[in-house]
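For reference, target_23.txt is printed below; it contains compact mmCIF, C-alpha atoms.
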```txt
# COMPACT_ATOMS: atom_id res chain seq x y z
CA MET A 10 -7.39 -9.64 -8.52
CA LEU A 11 -10.71 -7.99 -9.38
CA ARG A 12 -9.31 -4.53 -8.74
CA THR A 13 -6.24 -5.24 -10.84
CA SER A 14 -8.37 -6.65 -13.67
CA ALA A 15 -10.55 -3.55 -13.59
CA LEU A 16 -7.54 -1.28 -13.94
CA LEU A 17 -6.18 -3.34 -16.83
CA LEU A 18 -9.56 -3.19 -18.60
CA ALA A 19 -9.71 0.58 -18.13
CA ALA A 20 -6.21 0.94 -19.52
CA ALA A 21 -7.12 -1.17 -22.54
CA LEU A 22 -10.10 1.06 -23.29
CA VAL A 23 -7.91 4.15 -23.09
CA ALA A 24 -5.42 2.56 -25.46
CA VAL A 25 -8.17 1.87 -28.00
CA LEU A 26 -10.30 5.00 -27.61
CA GLY A 27 -7.59 7.47 -26.67
CA PRO A 28 -7.57 9.82 -23.69
CA VAL A 29 -10.71 11.73 -22.84
CA PRO A 30 -9.84 15.45 -22.87
CA ALA A 31 -10.67 17.51 -19.80
CA ALA A 32 -12.81 20.51 -20.66
CA SER A 33 -10.64 22.78 -18.52
CA PHE A 34 -8.49 22.67 -15.41
CA GLY A 35 -11.27 24.18 -13.34
CA LEU A 36 -13.54 21.23 -14.01
CA ALA A 37 -11.57 18.39 -12.53
CA SER A 38 -8.45 17.21 -14.31
CA TRP A 39 -5.61 18.98 -16.10
CA PRO A 40 -3.37 16.62 -18.08
CA LEU A 41 -0.01 18.19 -18.78
CA SER A 42 1.56 15.19 -20.47
CA GLN A 43 -0.06 12.50 -22.56
CA GLN A 44 3.41 11.12 -23.28
CA ALA A 45 3.56 9.88 -19.70
CA SER A 46 0.37 7.84 -19.98
CA ARG A 47 2.19 4.52 -19.60
CA SER A 48 4.64 5.54 -16.92
CA LEU A 49 4.43 4.52 -13.29
CA ASP A 50 6.12 4.94 -10.05
CA GLY A 51 5.48 2.78 -7.09
CA LEU A 52 2.91 0.15 -7.39
CA ALA A 53 0.74 -0.72 -10.11
CA GLN A 54 4.00 -1.13 -11.46
CA GLY A 55 2.56 -4.52 -11.85
CA VAL A 56 -0.43 -3.03 -13.56
CA ALA A 57 1.46 -0.21 -15.21
CA GLY A 58 4.24 -2.40 -16.37
CA ARG A 59 1.66 -3.99 -18.64
CA GLY A 60 0.36 -0.61 -19.81
CA GLY A 61 -2.31 -0.07 -17.17
CA ARG A 62 -0.86 2.42 -14.73
CA GLY A 63 -0.27 6.12 -15.00
CA GLY A 64 -2.68 6.40 -17.90
CA PRO A 65 -5.28 9.15 -18.29
CA LEU A 66 -7.96 7.21 -16.43
CA SER A 67 -9.09 10.04 -14.16
CA ARG A 68 -10.80 12.49 -16.46
CA GLY A 69 -13.59 14.40 -14.77
CA ARG A 70 -17.07 14.61 -16.26
CA ALA A 71 -17.42 17.56 -18.61
CA GLY A 72 -19.33 20.30 -16.85
CA ALA A 73 -18.75 18.87 -13.39
CA LYS A 74 -18.05 21.74 -10.99
CA MET A 75 -16.13 21.46 -7.78
CA SER A 76 -15.93 24.10 -5.06
CA ALA A 77 -15.03 23.96 -1.40
CA GLY A 78 -17.92 24.65 0.91
CA SER A 79 -17.62 26.37 4.27
CA GLY A 80 -15.10 24.48 6.36
CA ASP A 81 -13.95 22.36 3.41
CA LYS A 82 -10.56 22.52 1.70
CA THR A 83 -9.47 22.35 -1.92
CA ILE A 84 -6.68 19.85 -2.69
CA LEU A 85 -4.69 20.08 -5.92
CA TRP A 86 -3.19 16.63 -6.44
CA ILE A 87 0.00 16.60 -8.51
CA ARG A 88 1.87 13.47 -9.49
CA HIS A 89 5.66 13.81 -9.86
CA GLY A 90 7.45 13.88 -13.23
CA ILE A 91 8.65 10.77 -15.02
CA THR A 92 11.60 8.96 -13.41
CA GLU A 93 14.35 6.47 -14.18
CA MET A 94 12.29 3.72 -12.56
CA ASN A 95 9.21 4.69 -14.59
CA VAL A 96 11.22 4.26 -17.77
CA TYR A 97 12.63 0.90 -16.63
CA LEU A 98 9.18 -0.42 -15.75
CA MET A 99 7.81 0.43 -19.19
CA SER A 100 9.81 -2.45 -20.62
CA LYS A 101 10.19 -4.68 -17.55
CA GLY A 102 6.97 -4.30 -15.64
CA TYR A 103 6.59 -5.08 -11.98
CA GLY A 104 4.93 -8.49 -11.77
CA SER A 105 6.23 -9.64 -15.15
CA PRO A 106 7.96 -13.07 -15.33
CA GLY A 107 11.44 -12.96 -13.84
CA PHE A 108 11.07 -9.38 -12.62
CA VAL A 109 14.19 -7.98 -10.93
CA ASP A 110 14.34 -4.69 -9.02
CA PRO A 111 17.10 -2.70 -10.81
CA GLY A 112 18.19 -0.83 -7.68
CA TYR A 113 17.20 2.73 -8.59
CA TRP A 114 17.27 3.88 -4.97
CA ASP A 115 15.18 7.02 -4.37
CA THR A 116 14.80 7.23 -8.14
CA LYS A 117 15.50 10.56 -9.84
CA LEU A 118 13.58 12.49 -12.46
CA THR A 119 14.74 11.98 -16.03
CA ALA A 120 15.46 14.97 -18.28
CA ASN A 121 11.91 14.56 -19.57
CA GLY A 122 10.57 14.51 -16.00
CA GLU A 123 12.29 17.83 -15.31
CA LYS A 124 10.83 19.18 -18.53
CA GLN A 125 7.34 18.16 -17.38
CA ALA A 126 7.87 20.01 -14.10
CA ARG A 127 9.02 23.14 -15.93
CA LYS A 128 5.90 22.98 -18.09
CA LEU A 129 3.83 22.91 -14.93
CA ARG A 130 5.73 25.97 -13.68
CA ASP A 131 5.00 27.79 -16.94
CA GLN A 132 1.30 27.25 -16.30
CA ARG A 133 1.44 28.13 -12.61
CA LYS A 134 -1.26 30.82 -12.97
CA LYS A 135 -3.82 28.16 -13.91
CA LEU A 136 -3.49 26.69 -10.44
CA GLY A 137 -4.75 29.89 -8.87
CA HIS A 138 -4.06 31.00 -5.31
CA LEU A 139 -2.39 28.49 -2.99
CA ASP A 140 -2.10 28.67 0.78
CA LEU A 141 0.32 25.75 1.14
CA ILE A 142 2.43 23.33 -0.90
CA VAL A 143 3.00 19.87 0.59
CA ALA A 144 5.35 17.26 -0.87
CA SER A 145 6.44 13.70 -0.26
CA PRO A 146 10.10 13.52 0.85
CA LEU A 147 10.99 11.12 -1.98
CA SER A 148 13.41 12.94 -4.31
CA ARG A 149 11.18 12.69 -7.37
CA ALA A 150 8.35 14.52 -5.60
CA LEU A 151 10.58 17.15 -4.01
CA SER A 152 12.37 17.79 -7.31
CA THR A 153 9.07 18.12 -9.19
CA ALA A 154 7.64 20.53 -6.62
CA SER A 155 10.86 22.55 -6.38
CA ILE A 156 10.99 23.03 -10.16
CA ALA A 157 7.25 23.62 -10.61
CA PHE A 158 7.05 26.15 -7.78
CA LYS A 159 10.46 27.77 -8.16
CA ASP A 160 10.45 31.33 -6.74
CA ASP A 161 6.86 30.83 -5.56
CA PRO A 162 6.36 32.54 -2.16
CA THR A 163 3.76 29.99 -1.01
CA PRO A 164 4.82 28.23 2.25
CA ARG A 165 5.95 24.64 1.65
CA ILE A 166 6.33 21.64 3.94
CA VAL A 167 7.44 18.01 3.62
CA ASN A 168 5.16 15.26 4.93
CA ALA A 169 6.49 11.68 5.09
CA ASP A 170 2.99 10.17 5.16
CA LEU A 171 2.76 11.13 1.46
CA ARG A 172 5.64 8.86 0.42
CA GLU A 173 4.84 6.12 -2.07
CA ARG A 174 3.97 2.69 -0.73
CA MET A 175 7.15 0.64 -0.46
CA TRP A 176 7.24 -1.59 -3.51
CA LEU A 177 10.74 -1.19 -4.91
CA SER A 178 14.15 0.34 -4.29
CA SER A 179 12.83 3.54 -5.89
CA ASP A 180 10.58 3.97 -2.85
CA VAL A 181 13.46 3.90 -0.36
CA GLY A 182 14.22 7.50 0.52
CA SER A 183 17.24 9.60 1.38
CA PRO A 184 18.04 10.64 4.98
CA ALA A 185 16.50 13.92 6.14
CA LYS A 186 19.95 15.48 6.58
CA GLU A 187 20.77 14.81 2.93
CA LEU A 188 17.41 16.18 1.75
CA LYS A 189 17.91 19.36 3.75
CA SER A 190 21.28 19.82 2.09
CA ARG A 191 19.86 19.29 -1.40
CA PHE A 192 16.54 21.12 -1.09
CA GLY A 193 16.99 23.45 1.89
CA ASP A 194 17.52 26.49 -0.31
CA GLU A 195 14.10 25.91 -1.90
CA GLY A 196 12.31 26.92 1.29
CA TRP A 197 11.10 23.48 2.39
CA ASP A 198 10.16 22.87 6.02
CA PHE A 199 11.57 19.46 7.05
CA SER A 200 10.65 19.79 10.73
CA GLU A 201 8.02 17.04 10.64
CA ILE A 202 10.12 14.19 9.21
CA GLU A 203 12.56 11.90 11.00
CA GLU A 204 16.06 11.10 9.76
CA THR A 205 14.89 7.69 8.49
CA TRP A 206 11.28 8.18 7.44
CA TRP A 207 10.62 5.32 4.99
CA HIS A 208 9.39 1.79 5.71
CA THR A 209 11.95 -0.67 7.08
CA ASP A 210 11.69 -4.23 8.42
CA GLU A 211 14.76 -5.83 9.97
CA GLY A 212 13.00 -9.17 10.07
CA TRP A 213 12.37 -9.23 6.32
CA GLY A 214 13.30 -12.60 4.83
CA LYS A 215 14.01 -14.03 8.27
CA ASP A 216 10.58 -14.24 9.87
CA GLY A 217 9.09 -16.74 7.43
CA LYS A 218 6.33 -14.33 6.36
CA GLU A 219 5.25 -14.52 2.72
CA ASP A 220 5.98 -11.40 0.71
CA TRP A 221 2.71 -9.84 -0.50
CA ARG A 222 4.29 -8.54 -3.72
CA HIS A 223 4.24 -10.35 -7.05
CA ALA A 224 6.92 -12.98 -7.57
CA GLY A 225 10.27 -11.38 -8.34
CA THR A 226 13.65 -10.36 -6.94
CA TYR A 227 13.47 -7.45 -4.49
CA LEU A 228 16.07 -5.42 -2.64
CA HIS A 229 13.98 -4.01 0.21
CA PRO A 230 10.97 -5.17 2.25
CA GLY A 231 7.55 -4.15 0.99
CA GLU A 232 5.18 -2.07 3.09
CA PRO A 233 2.11 -3.98 4.37
CA GLU A 234 -1.25 -2.61 3.30
CA GLU A 235 -2.36 -1.85 6.86
CA GLU A 236 0.70 0.31 7.53
CA PHE A 237 0.16 2.16 4.26
CA LYS A 238 -3.50 2.68 5.10
CA GLU A 239 -2.78 3.98 8.61
CA ARG A 240 -0.38 6.67 7.45
CA LEU A 241 -2.80 7.81 4.76
CA LYS A 242 -5.39 8.22 7.51
CA ARG A 243 -2.83 10.29 9.42
CA PHE A 244 -2.39 12.51 6.39
CA ILE A 245 -6.15 13.10 6.10
CA SER A 246 -6.25 14.05 9.79
CA TRP A 247 -3.20 16.30 9.36
CA VAL A 248 -4.78 18.19 6.47
CA SER A 249 -8.12 18.56 8.25
CA LYS A 250 -6.46 20.20 11.25
CA ARG A 251 -4.53 22.80 9.26
CA GLU A 252 -5.80 26.32 8.70
CA GLU A 253 -4.97 26.53 4.99
CA LYS A 254 -7.89 26.24 2.58
CA THR A 255 -6.19 25.58 -0.77
CA ILE A 256 -3.33 23.08 -0.72
CA ALA A 257 -1.16 21.67 -3.52
CA VAL A 258 -0.02 18.11 -2.78
CA VAL A 259 2.89 16.72 -4.81
CA CYS A 260 3.25 12.98 -4.39
CA HIS A 261 2.77 9.59 -6.07
CA TRP A 262 0.47 7.40 -8.12
CA GLY A 263 -0.20 4.89 -5.35
CA VAL A 264 -1.00 7.57 -2.77
CA ILE A 265 -3.31 9.54 -5.04
CA HIS A 266 -5.02 6.38 -6.28
CA ALA A 267 -5.60 5.11 -2.74
CA LEU A 268 -6.96 8.43 -1.46
CA THR A 269 -9.07 9.42 -4.48
CA GLY A 270 -9.46 6.42 -6.78
CA HIS A 271 -7.93 8.41 -9.67
CA SER A 272 -4.98 7.41 -11.83
CA LEU A 273 -2.81 10.38 -12.80
CA ASP A 274 -0.19 10.82 -15.51
CA ASN A 275 3.21 12.16 -14.57
CA CYS A 276 2.84 15.86 -13.68
CA GLU A 277 -0.92 15.76 -14.14
CA VAL A 278 -2.94 17.94 -11.78
CA LYS A 279 -6.35 17.00 -10.40
CA LYS A 280 -8.57 19.13 -8.23
CA GLY A 281 -10.38 17.57 -5.28
CA LEU A 282 -11.92 18.35 -1.91
CA LEU A 283 -10.97 17.28 1.60
CA SER A 284 -14.56 16.21 2.22
CA GLU A 285 -14.41 13.85 -0.78
CA MET A 286 -11.15 12.34 0.45
CA GLN A 287 -12.65 11.81 3.91
CA LYS A 288 -15.62 9.92 2.44
CA HIS A 289 -13.64 7.92 -0.13
CA HIS A 290 -13.14 4.19 0.42
CA MET A 291 -9.41 3.69 0.02
CA VAL A 292 -8.33 1.69 -3.01
CA PHE A 293 -5.27 -0.56 -2.85
CA VAL A 294 -3.51 -2.49 -5.59
CA ASP A 295 -0.83 -5.12 -4.95
```

For this file, write the structure as structure tokens.
Amino acid sequence: MLRTSALLLAAALVAVLGPVPAASFGLASWPLSQQASRSLDGLAQGVAGRGGRGGPLSRGRAGAKMSAGSGDKTILWIRHGITEMNVYLMSKGYGSPGFVDPGYWDTKLTANGEKQARKLRDQRKKLGHLDLIVASPLSRALSTASIAFKDDPTPRIVNADLRERMWLSSDVGSPAKELKSRFGDEGWDFSEIEETWWHTDEGWGKDGKEDWRHAGTYLHPGEPEEEFKERLKRFISWVSKREEKTIAVVCHWGVIHALTGHSLDNCEVKKGLLSEMQKHHMVFVD
């Protein structure tokens, strides 16, 4: 409750004072879309649905410099473009009275979300040299990355540990075979994901366990915090063992917020370090 209240207070301040502009991409945060400041995608849909998620809350301090030391890695966090579920949750927020999951399975980018990704592609040079592009296998992340890095020769791989925490139908993915058919021509390496790679629970609704999510009507079991936390730890370990030094990671609000504490707009880019992620105390919002 305290964490949720803090996010709501921060969002209220942004609404009153307006977004704080980043001095430049090289400093810490590069907002590509202020229009997306009230959009969400997996969680804080409870927070965001009331105007608190997806807002420009993660502006870096002006003048703050960030560089990877010897043995460290630079991570460029990128949140996917705006989706059908984001739009739905703007008017019917997760956690609001009588909330009903609309059934936007593996939610797609809207036309505006695709436009945001193309804008990111147009400014590709600002990202600098990349050794690797990593994306969540959820369609919204893969679509964003495929558009933003179209014709980019940088190696790219899909990592299921980057998927959004399972809140709603939008966080249920598509089978690996289907993803390979849709995105295989974009150069993605799907070798590390299983056919069914998202959270499932056959005992959901039958085992008598209380659902941790806000009251509402849901279509799929939610992912427990401990399971979410464990796979994020796996991702940190996975990154630390790789040889690449500069990695673009295209994923979701809940993942980025948990690993960094920052709240990103749709298609916003934020620069970070592996060492910072390793030291960060994970932040979770129900």

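Compared by their closest atoms to Lys159 (chain A), and using all atoms listed in the file, the residues A:Lys189, A:Arg127, A:His290, A:Arg174 rank with A:Arg127 nearest.
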
* Asked: From the list A:Arg88, A:Leu136, A:Asp131, A:Asp110, which residue is nearest His271 (chain A) when using all atoms listed in the file?
  -> A:Arg88

Sort by chain and increasing residue number a table of all residues of region 154-181 of chain A within 6 Å of region 193-216 of chain A, each with its closest pair of atoms and their distance in Å to one decimal, counting all atoms listed in the file, and write it as JSON lines.
```
{"residue": "A:Arg165", "atom": "CA", "partner": "A:Trp197", "partner_atom": "CA", "distance": 5.3}
{"residue": "A:Ile166", "atom": "CA", "partner": "A:Asp198", "partner_atom": "CA", "distance": 4.5}
{"residue": "A:Val167", "atom": "CA", "partner": "A:Phe199", "partner_atom": "CA", "distance": 5.6}
```

* CA of Gly231 (chain A) to CA of Asp170 (chain A), straight-line distance in Å -> 15.6 Å

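Straight-line separation from CA of His266 (chain A) to CA of Val292 (chain A): 6.6 Å.
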
* region 238-241 of chain A environment, 12 Å, only C-alpha atoms, sequence neighbours closer than 3 positions dropped, as a PyMOL selection string -> chain A and resi 168-174+206-208+232-235+244-248+263-269+286-287+289-294

* Asked: What does the distance between CA of Pro106 (chain A) and CA of Arg149 (chain A) come to in Å, to one decimal place?
  -> 27.2 Å

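Closest approach to Leu118 (chain A) from the set A:Glu219, A:Asp180, A:Glu277, A:Glu93 is made by A:Glu93, with distances taken over all atoms listed in the file.
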
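For the set A:Gly270, A:Gly80, A:Pro184, A:Gly90, the residue with the smallest atom-to-atom gap to Ala154 (chain A) is A:Gly90, counting all atoms listed in the file.
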
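Among A:Gly137, A:Val181, A:Glu285, A:Pro164, the residue with the shortest atom-to-atom distance to Leu228 (chain A), counting only C-alpha atoms, is A:Val181.
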
* To do: Counting only C-alpha atoms, note down every residue that has an atom within 10 Å of the point (13.9, -13.3, -4.9) (file coordinates), as a PyMOL selection string.
  => chain A and resi 107-110+214+220+224-228

* Structure fact -> Nearest to Ser155 (chain A), restricted to all atoms listed in the file and choosing among A:Asp140, A:Glu252, A:Glu123, A:Asp274, comes out as A:Glu123

Please give the centre and size of the box around region 122-135 of chain A (axis-aligned, containing every atom listed in the file, 5 Å added per side), with values in Å to one decimal and written as AutoDock Vina command-line options.
```
--center_x 4.2 --center_y 22.7 --center_z -15.6 --size_x 26.1 --size_y 26.3 --size_z 15.9
```

* To do: Go ahead and find all residues with at least one atom no further than 7 Å from (-3.3, 20.3, -2.3) in the file's coordinates, using all atoms listed in the file; report them as number ranges by chain.
  => A: 83-86, 142-143, 255-258
